[in-house]
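work.cif, holding mmCIF, C-alpha atoms:
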data_target
#
loop_
_atom_site.label_atom_id
_atom_site.label_comp_id
_atom_site.auth_asym_id
_atom_site.auth_seq_id
_atom_site.Cartn_x
_atom_site.Cartn_y
_atom_site.Cartn_z
CA MET K 1 -23.73 2.22 56.39
CA ALA K 2 -21.01 -0.40 56.70
CA LEU K 3 -17.73 0.49 55.00
CA VAL K 4 -14.77 -1.76 54.28
CA GLU K 5 -11.30 -0.96 53.03
CA LEU K 6 -9.76 -3.48 50.63
CA VAL K 7 -6.03 -3.29 49.83
CA PRO K 8 -5.13 -5.75 47.05
CA ASN K 9 -1.43 -6.01 46.18
CA PHE K 10 -0.65 -7.08 42.62
CA SER K 11 2.69 -8.30 41.27
CA GLU K 12 2.96 -5.68 38.55
CA GLY K 13 4.54 -2.25 38.83
CA ARG K 14 6.16 -1.76 35.42
CA ARG K 15 3.73 -2.47 32.58
CA GLN K 16 1.29 0.43 32.52
CA ASP K 17 -1.13 -1.34 30.19
CA VAL K 18 -1.52 -4.22 32.65
CA ILE K 19 -1.91 -1.84 35.58
CA ASP K 20 -4.61 0.08 33.71
CA LYS K 21 -6.53 -3.10 32.89
CA ILE K 22 -6.50 -4.28 36.52
CA LEU K 23 -7.77 -0.92 37.77
CA ALA K 24 -10.41 -0.74 35.04
CA ALA K 25 -11.71 -4.21 35.85
CA MET K 26 -12.24 -3.29 39.50
CA LYS K 27 -13.96 -0.01 38.63
CA GLU K 28 -16.31 -1.71 36.18
CA ALA K 29 -17.25 -4.53 38.56
CA SER K 30 -18.21 -2.47 41.57
CA THR K 31 -19.46 0.82 42.99
CA ALA K 32 -16.64 0.77 45.56
CA LYS K 33 -14.22 3.65 45.08
CA ILE K 34 -10.51 3.35 44.35
CA ILE K 35 -9.10 6.07 46.60
CA ASP K 36 -5.42 5.34 45.99
CA SER K 37 -3.22 3.27 43.67
CA ARG K 38 0.59 3.15 43.54
CA ALA K 39 2.88 1.20 41.25
CA ASP K 40 6.54 0.73 42.20
CA PRO K 41 8.91 -0.49 39.46
CA ASP K 42 11.67 -1.58 41.87
CA HIS K 43 9.30 -3.76 43.85
CA ASN K 44 7.35 -4.50 40.64
CA ARG K 45 4.15 -4.17 42.64
CA LEU K 46 0.83 -2.34 42.49
CA VAL K 47 -0.96 -1.47 45.74
CA VAL K 48 -4.58 -0.36 45.47
CA THR K 49 -6.84 1.01 48.21
CA ILE K 50 -10.59 0.55 47.71
CA VAL K 51 -13.37 1.69 50.05
CA GLY K 52 -17.02 0.74 49.80
CA GLU K 53 -19.85 -1.38 51.09
CA PRO K 54 -18.80 -4.94 51.96
CA GLU K 55 -20.29 -6.69 48.92
CA GLU K 56 -18.99 -4.02 46.57
CA THR K 57 -15.42 -4.39 47.81
CA PHE K 58 -15.86 -8.15 47.44
CA LYS K 59 -16.83 -7.71 43.78
CA ALA K 60 -13.92 -5.34 43.13
CA GLY K 61 -11.48 -7.74 44.76
CA PHE K 62 -12.57 -10.70 42.65
CA ALA K 63 -12.45 -8.67 39.44
CA GLY K 64 -8.91 -7.51 40.19
CA ILE K 65 -7.71 -11.01 41.06
CA LYS K 66 -9.29 -12.46 37.90
CA THR K 67 -7.72 -9.87 35.63
CA ALA K 68 -4.30 -10.18 37.26
CA ALA K 69 -4.44 -13.97 36.87
CA GLU K 70 -5.06 -13.52 33.14
CA LEU K 71 -2.31 -10.96 32.56
CA ILE K 72 0.56 -11.80 34.94
CA ASP K 73 2.84 -14.82 34.50
CA MET K 74 4.70 -15.43 37.74
CA ASP K 75 7.36 -17.50 35.96
CA GLU K 76 8.46 -14.23 34.35
CA HIS K 77 7.97 -11.91 37.33
CA GLN K 78 10.96 -10.31 39.06
CA GLY K 79 10.96 -7.66 41.77
CA GLU K 80 12.34 -6.73 45.17
CA HIS K 81 9.17 -7.39 47.17
CA PRO K 82 8.35 -10.89 48.49
CA ARG K 83 5.39 -12.39 46.62
CA VAL K 84 3.64 -15.69 45.88
CA GLY K 85 1.20 -14.76 43.14
CA ALA K 86 -0.11 -12.38 40.51
CA THR K 87 -2.42 -11.07 43.22
CA ASP K 88 -0.16 -11.52 46.21
CA VAL K 89 -2.26 -10.45 49.18
CA VAL K 90 -5.79 -9.10 49.68
CA PRO K 91 -6.77 -7.85 53.17
CA PHE K 92 -10.25 -6.70 54.18
CA VAL K 93 -10.10 -3.91 56.79
CA PRO K 94 -13.11 -2.76 58.86
CA VAL K 95 -13.71 0.99 58.58
CA THR K 96 -17.14 1.66 60.09
CA GLY K 97 -20.30 -0.31 60.83
CA ILE K 98 -18.59 -3.69 60.44
CA THR K 99 -16.50 -5.97 62.64
CA ILE K 100 -13.24 -7.77 62.01
CA GLU K 101 -15.22 -11.02 62.30
CA GLU K 102 -17.50 -9.98 59.44
CA CYS K 103 -14.45 -9.04 57.37
CA THR K 104 -13.09 -12.52 58.09
CA GLU K 105 -16.21 -14.05 56.54
CA LEU K 106 -15.77 -11.87 53.46
CA ALA K 107 -12.17 -13.07 53.18
CA LYS K 108 -13.17 -16.73 53.42
CA ARG K 109 -15.88 -16.32 50.79
CA LEU K 110 -13.52 -14.56 48.42
CA ALA K 111 -10.79 -17.15 48.91
CA LYS K 112 -13.19 -19.96 48.08
CA LYS K 113 -14.59 -18.14 45.03
CA VAL K 114 -11.09 -17.45 43.68
CA SER K 115 -10.03 -21.08 44.02
CA ASP K 116 -13.33 -22.50 42.69
CA GLU K 117 -13.68 -20.22 39.67
CA LEU K 118 -10.08 -19.33 38.79
CA GLY K 119 -8.18 -22.43 39.92
CA VAL K 120 -5.83 -20.28 42.01
CA PRO K 121 -4.77 -21.79 45.37
CA THR K 122 -5.67 -19.46 48.24
CA TYR K 123 -4.41 -19.08 51.79
CA LEU K 124 -6.13 -17.29 54.68
CA TYR K 125 -4.08 -15.02 56.97
CA GLU K 126 -4.23 -12.64 59.95
CA ALA K 127 -7.71 -12.66 61.57
CA ALA K 128 -9.00 -15.10 58.92
CA ALA K 129 -6.20 -17.64 59.42
CA THR K 130 -7.24 -21.24 59.96
CA ARG K 131 -3.96 -22.06 61.76
CA PRO K 132 -1.85 -19.98 64.17
CA ASP K 133 1.24 -20.19 61.95
CA ARG K 134 -0.69 -18.63 59.08
CA GLU K 135 -1.60 -15.49 60.98
CA ASN K 136 1.80 -14.13 59.93
CA LEU K 137 1.95 -13.41 56.20
CA ALA K 138 5.70 -14.03 56.12
CA ASN K 139 5.18 -17.70 57.03
CA ILE K 140 2.88 -18.22 54.05
CA ARG K 141 5.28 -16.36 51.75
CA LYS K 142 8.29 -18.47 52.80
CA GLY K 143 10.34 -19.28 49.70
CA GLN K 144 8.19 -16.89 47.66
CA TYR K 145 6.57 -18.06 44.41
CA GLU K 146 9.58 -20.09 43.32
CA GLY K 147 9.82 -22.01 46.60
CA LEU K 148 6.09 -22.49 47.00
CA LYS K 149 5.85 -23.88 43.48
CA GLU K 150 7.58 -27.07 44.61
CA ALA K 151 6.64 -27.11 48.30
CA ILE K 152 2.89 -26.94 47.68
CA LYS K 153 3.06 -30.31 45.89
CA THR K 154 4.93 -32.24 48.57
CA ASP K 155 4.72 -30.50 51.94
CA PRO K 156 1.40 -30.99 53.80
CA ASP K 157 2.11 -27.83 55.81
CA ARG K 158 2.02 -25.78 52.60
CA LYS K 159 -1.35 -27.13 51.46
CA PRO K 160 -3.65 -24.19 50.62
CA ASP K 161 -6.86 -23.48 52.48
CA PHE K 162 -8.75 -23.66 49.19
CA GLY K 163 -7.86 -24.90 45.74
CA PRO K 164 -5.34 -27.25 44.17
CA SER K 165 -1.94 -28.17 45.61
CA GLU K 166 -0.29 -26.96 42.45
CA LEU K 167 0.52 -23.44 41.29
CA PRO K 168 -0.77 -22.12 37.98
CA LYS K 169 1.11 -19.32 36.19
CA ALA K 170 -0.78 -16.87 38.42
CA GLY K 171 0.69 -18.45 41.56
CA ALA K 172 -1.24 -18.35 44.83
CA THR K 173 -3.20 -15.58 46.57
CA VAL K 174 -3.30 -14.79 50.29
CA ILE K 175 -6.58 -13.32 51.53
CA GLY K 176 -7.45 -12.18 55.03
CA ALA K 177 -8.80 -9.61 57.45
CA ARG K 178 -6.81 -7.20 59.58
CA GLU K 179 -6.91 -3.80 61.21
CA PHE K 180 -5.41 -0.73 59.54
CA LEU K 181 -1.66 -0.71 58.91
CA ILE K 182 0.77 1.91 57.65
CA ALA K 183 3.15 0.99 54.84
CA TYR K 184 6.16 3.19 55.52
CA ASN K 185 9.53 3.40 53.75
CA ILE K 186 12.74 5.13 54.82
CA TYR K 187 15.49 5.88 52.28
CA LEU K 188 19.18 6.03 53.25
CA ASN K 189 21.89 7.86 51.28
CA THR K 190 23.82 4.73 50.32
CA ASP K 191 23.65 1.98 47.73
CA ASP K 192 24.87 -0.62 50.26
CA VAL K 193 21.79 -2.78 50.68
CA GLU K 194 23.36 -4.72 53.56
CA ILE K 195 23.01 -1.62 55.75
CA ALA K 196 19.29 -1.43 55.00
CA LYS K 197 18.87 -5.15 55.58
CA THR K 198 20.68 -4.97 58.93
CA ILE K 199 18.57 -2.04 60.13
CA GLY K 200 15.42 -3.80 58.91
CA ARG K 201 16.34 -6.87 60.96
CA ASN K 202 17.15 -4.81 64.04
CA ILE K 203 13.86 -2.90 64.21
CA ARG K 204 11.38 -5.66 63.38
CA HIS K 205 9.45 -7.34 66.14
CA LYS K 206 10.49 -10.87 65.19
CA ASN K 207 14.11 -9.99 65.94
CA GLY K 208 13.46 -8.16 69.20
CA GLY K 209 12.67 -4.73 67.74
CA PHE K 210 9.47 -2.73 67.83
CA ALA K 211 6.20 -4.48 68.51
CA TYR K 212 3.83 -4.21 65.53
CA CYS K 213 6.72 -3.58 63.11
CA LYS K 214 7.52 -5.79 60.13
CA SER K 215 10.53 -4.55 58.19
CA MET K 216 13.07 -5.46 55.52
CA GLY K 217 15.86 -3.77 53.57
CA PHE K 218 15.71 -3.43 49.79
CA ALA K 219 18.02 -2.31 46.99
CA THR K 220 16.04 0.49 45.37
CA LYS K 221 17.38 3.27 43.14
CA PRO K 222 19.27 5.49 43.68
CA TYR K 223 19.29 4.78 47.42
CA VAL K 224 18.48 1.74 49.55
CA GLN K 225 15.21 1.45 51.41
CA VAL K 226 14.15 0.23 54.84
CA SER K 227 10.58 -0.85 54.14
CA MET K 228 8.11 -1.58 56.92
CA ASN K 229 4.52 -2.30 57.80
CA LEU K 230 3.40 -0.74 61.08
CA THR K 231 0.40 -2.76 62.17
CA ASN K 232 -0.51 -0.69 65.25
CA TYR K 233 0.63 2.93 65.03
CA LYS K 234 -0.83 3.74 68.45
CA GLU K 235 1.44 1.26 70.21
CA THR K 236 4.43 1.78 67.88
CA PRO K 237 4.43 5.46 66.82
CA MET K 238 6.05 6.39 63.52
CA ALA K 239 8.29 9.03 65.10
CA MET K 240 9.90 6.51 67.44
CA VAL K 241 10.65 4.21 64.51
CA VAL K 242 12.15 7.03 62.44
CA GLU K 243 14.42 8.15 65.27
CA THR K 244 15.64 4.61 65.82
CA VAL K 245 16.41 4.15 62.12
CA ARG K 246 18.17 7.54 62.12
CA ASN K 247 20.39 6.47 65.02
CA GLU K 248 21.08 3.06 63.49
CA ALA K 249 21.99 4.66 60.15
CA ARG K 250 24.41 7.03 61.89
CA ARG K 251 26.37 4.04 63.14
CA TYR K 252 27.17 3.16 59.52
CA GLY K 253 27.97 6.71 58.47
CA VAL K 254 24.77 7.20 56.49
CA ALA K 255 21.65 9.31 56.92
CA ILE K 256 17.96 9.39 56.06
CA THR K 257 17.32 11.26 52.81
CA GLU K 258 13.53 11.06 52.90
CA THR K 259 10.67 8.87 54.00
CA GLU K 260 7.53 7.71 52.21
CA VAL K 261 4.02 6.71 53.20
CA TYR K 262 2.90 4.09 50.71
CA GLY K 263 -0.87 4.18 50.43
CA MET K 264 -3.32 5.65 52.90
CA ILE K 265 -2.68 6.71 56.51
CA PRO K 266 -4.88 7.76 59.46
CA VAL K 267 -4.54 11.46 60.30
CA ASP K 268 -3.94 10.61 63.96
CA ALA K 269 -0.71 8.83 63.03
CA LEU K 270 0.61 12.08 61.53
CA LEU K 271 -0.63 14.12 64.46
CA ASP K 272 1.23 11.77 66.81
CA ALA K 273 4.43 12.54 64.89
CA ALA K 274 3.73 16.28 64.90
CA GLU K 275 3.20 16.28 68.65
CA TYR K 276 6.44 14.37 69.15
CA TYR K 277 8.64 16.64 67.02
CA LEU K 278 6.98 19.90 68.07
CA GLN K 279 7.14 18.78 71.72
CA LEU K 280 3.51 19.63 72.33
CA ASN K 281 3.64 18.00 75.72
CA GLY K 282 0.02 18.32 76.71
CA LYS K 283 -0.07 22.03 75.87
CA TRP K 284 -2.78 21.59 73.30
CA ASN K 285 -5.52 19.20 72.19
CA ARG K 286 -6.62 18.08 68.77
CA SER K 287 -9.88 19.98 68.96
CA GLN K 288 -7.74 23.05 68.15
CA ILE K 289 -7.33 21.84 64.56
CA ILE K 290 -9.49 24.15 62.49
CA GLU K 291 -10.29 21.56 59.81
CA LYS K 292 -11.65 19.23 62.49
CA LYS K 293 -13.88 21.99 63.82
CA LEU K 294 -15.15 22.84 60.34
CA THR K 295 -15.94 19.18 59.67
CA GLU K 296 -17.93 19.01 62.90
CA MET K 297 -19.95 22.06 61.82
CA GLU K 298 -21.02 20.50 58.51
#
Give the structure from this file in structure tokens form.
Amino acid sequence: MALVELVPNFSEGRRQDVIDKILAAMKEASTAKIIDSRADPDHNRLVVTIVGEPEETFKAGFAGIKTAAELIDMDEHQGEHPRVGATDVVPFVPVTGITIEECTELAKRLAKKVSDELGVPTYLYEAAATRPDRENLANIRKGQYEGLKEAIKTDPDRKPDFGPSELPKAGATVIGAREFLIAYNIYLNTDDVEIAKTIGRNIRHKNGGFAYCKSMGFATKPYVQVSMNLTNYKETPMAMVVETVRNEARRYGVAITETEVYGMIPVDALLDAAEYYLQLNGKWNRSQIIEKKLTEME
């Protein structure tokens, strides 16, 4: 059976009634399962992880986008996280029995349906991008909702892939296909957001930092946050990123208080970190994990 992960990000992390209605709409529209949902009031953002058969995740995605468009007014939205719409970004991720190319077709179909039926401009990104510059989500988000509101009317480069060149109150939605990523946050014991922003700039790939690392600094409470997306944990292990942030923080006289995985994570990413910190330098193999053995016996 083909399985797809869908990770819609909505621009609402404070109003519980709105969050509940978005989640309920997706559950009612589809047999796909919501396996995780997290609302962050500082970022004012809801991240949902859904797994199911391709068409079922498609149905859940549309239902969530439709409900968010009805309930979220982007002219009133404020939050730390970059965003362009009520439903900001919706990636399809292949899990098993399906290719990234097939997920790309799902993304294109959903983008067209959203623009046709809801009047929301849509952009395609990552593997579904129609132009090289739109592979990177940050390029589409440039100026956020407020900047895009004017640019979409006058700048041909900001024309959406589907839908009108004018933003409704729900803004625009970015839809695509990608491989699994880890949303990972590191908190520092300071309220000086410039330190977090500097470290975020230093470690991200665009500025010469880690490959497969997108990062920014945010003013969260009570401490600042270095927030990142790790798009290939095998090539850029979490432990290496943490140690670099730890060393960078030390330069400014601050330290890591805690870290946070936001959403789902592959077990191998955590095992990589365990092997690094426990210095299991080839002295074991992962078949020694009892839970793995028990799963194989089932």
Next on the checklist: Just checking: using all atoms listed in the file, which residue out of K:His77, K:Lys21, K:Lys66, K:Lys197 ends up closest to Gln225 of chain K?
Outcome noted: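 Closest to Gln225 of chain K, using all atoms listed in the file: K:Lys197.
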How close does each residue of segment 121-232 of chain K get to segment 256-272 of chain K, giving the shortest atom pair and distance in Å to one decimal for every residue with an atom at most 8 Å away, counting all atoms listed in the file, sorted by chain and residue number, as CSV?
residue,atom,partner,partner_atom,distance
K:Leu181,CA,K:Ile265,CA,7.9
K:Ile182,CA,K:Ile265,CA,6.0
K:Ala183,CA,K:Tyr262,CA,5.2
K:Tyr184,CA,K:Val261,CA,4.7
K:Asn185,CA,K:Glu260,CA,5.0
K:Ile186,CA,K:Thr259,CA,4.4
K:Tyr187,CA,K:Glu258,CA,5.6
K:Leu188,CA,K:Ile256,CA,4.5
K:Asn189,CA,K:Thr257,CA,5.9
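Against this structure, the PyMOL selection byres ((chain K and resi 62) around 10) ends up with Pro8, Ala25, Met26, Ala29, Thr57, Phe58, Lys59, Ala60, Gly61, Ala63, Gly64, Ile65, Lys66, Thr67, Ala68, Val90, Leu110, Ala111, Lys113, Val114 and Leu118 of chain K.
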- Near-Asp192 of chain K list (9 Å; all atoms listed in the file; drop same-chain fewer than 5 positions) as a VMD selection string: chain K and resid 219 223 to 224
- Query: Interatomic distance between atom CA of Val84 of chain K and atom CA of Phe180 of chain K?
  - Reply: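 Between atom CA of Val84 of chain K and atom CA of Phe180 of chain K the gap is 22.2 Å.
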Apply the PyMOL selection byres ((chain K and resi 99-109) around 6) to the file shown and report the selected residues as a PyMOL selection string.
-> chain K and resi 92+94+98+110-112+128+175-177
_At a cut-off of 12 Å, using all atoms listed in the file, what residues contact Glu146 of chain K? Leave out same-chain residues fewer than 4 positions from it and give the result as a list in words._
Met74, Asp75, Glu76, His77, Gln78, Pro82, Arg83, Val84, Gly85, Arg141, Lys142, Glu150, Ala151, Ile152, Leu167, Pro168, Lys169, Ala170, Gly171 and Ala172 of chain K
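Atom pair atom CA of Tyr123 of chain K / atom CA of Lys153 of chain K has a distance of 14.7 Å (rounded to one decimal).
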Which of these, K:Lys221, K:Arg15, K:Lys27, K:Lys149, has the shortest distance to Asp191 of chain K once you count only C-alpha atoms?
->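 For Asp191 of chain K, the nearest of the candidates is K:Lys221.
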Go through K:Ile290, K:Leu137, K:Val89, K:Met297 one by one, measure the shortest atom-to-atom distance of each to Lys214 of chain K using all atoms listed in the file, and give the residue with the smallest value.
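When distances to Lys214 of chain K are compared using all atoms listed in the file, the smallest one comes from K:Leu137.
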C-alpha atoms of segment 180-236 of chain K, written as a compact mmCIF listing (two decimals), in the first residue's frame:
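Okay, this is what ended up in out_10.txt:
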# COMPACT_ATOMS: atom_id res chain seq x y z
CA PHE K 180 11.54 14.00 4.99
CA LEU K 181 12.91 16.91 7.03
CA ILE K 182 13.44 17.50 10.73
CA ALA K 183 12.12 20.70 12.27
CA TYR K 184 14.54 21.33 15.13
CA ASN K 185 14.76 24.22 17.60
CA ILE K 186 17.55 25.15 20.02
CA TYR K 187 16.88 27.52 22.93
CA LEU K 188 19.59 29.78 24.38
CA ASN K 189 19.56 31.29 27.89
CA THR K 190 19.27 34.90 26.73
CA ASP K 191 16.59 37.29 25.56
CA ASP K 192 19.00 38.92 23.06
CA VAL K 193 17.48 37.86 19.76
CA GLU K 194 20.46 39.21 17.79
CA ILE K 195 22.58 36.37 19.16
CA ALA K 196 20.08 33.80 17.88
CA LYS K 197 19.84 35.56 14.52
CA THR K 198 23.63 35.65 14.15
CA ILE K 199 24.00 31.96 14.96
CA GLY K 200 21.12 31.15 12.60
CA ARG K 201 22.89 33.00 9.79
CA ASN K 202 26.21 31.31 10.53
CA ILE K 203 24.96 27.73 10.41
CA ARG K 204 22.61 27.88 7.43
CA HIS K 205 23.74 26.59 4.08
CA LYS K 206 22.96 29.79 2.19
CA ASN K 207 25.56 31.63 4.27
CA GLY K 208 28.26 28.97 4.07
CA GLY K 209 27.10 26.81 6.98
CA PHE K 210 25.85 23.25 7.01
CA ALA K 211 24.52 21.72 3.82
CA TYR K 212 20.82 20.83 4.14
CA CYS K 213 20.32 23.33 6.98
CA LYS K 214 17.87 26.23 6.85
CA SER K 215 17.92 28.31 10.02
CA MET K 216 16.81 31.57 11.59
CA GLY K 217 16.80 33.21 15.03
CA PHE K 218 13.56 34.14 16.76
CA ALA K 219 12.50 36.06 19.87
CA THR K 220 10.52 33.46 21.80
CA LYS K 221 9.69 33.49 25.51
CA PRO K 222 11.43 33.33 27.91
CA TYR K 223 14.52 32.54 25.83
CA VAL K 224 15.49 33.10 22.21
CA GLN K 225 15.38 30.29 19.69
CA VAL K 226 17.58 29.13 16.83
CA SER K 227 15.02 27.43 14.60
CA MET K 228 16.04 25.17 11.73
CA ASN K 229 14.87 22.72 9.13
CA LEU K 230 17.31 19.88 8.48
CA THR K 231 16.44 18.57 5.05
CA ASN K 232 18.89 15.64 4.97
CA TYR K 233 19.78 14.35 8.44
CA LYS K 234 22.07 11.67 6.98
CA GLU K 235 24.37 14.24 5.39
CA THR K 236 23.98 16.85 8.15
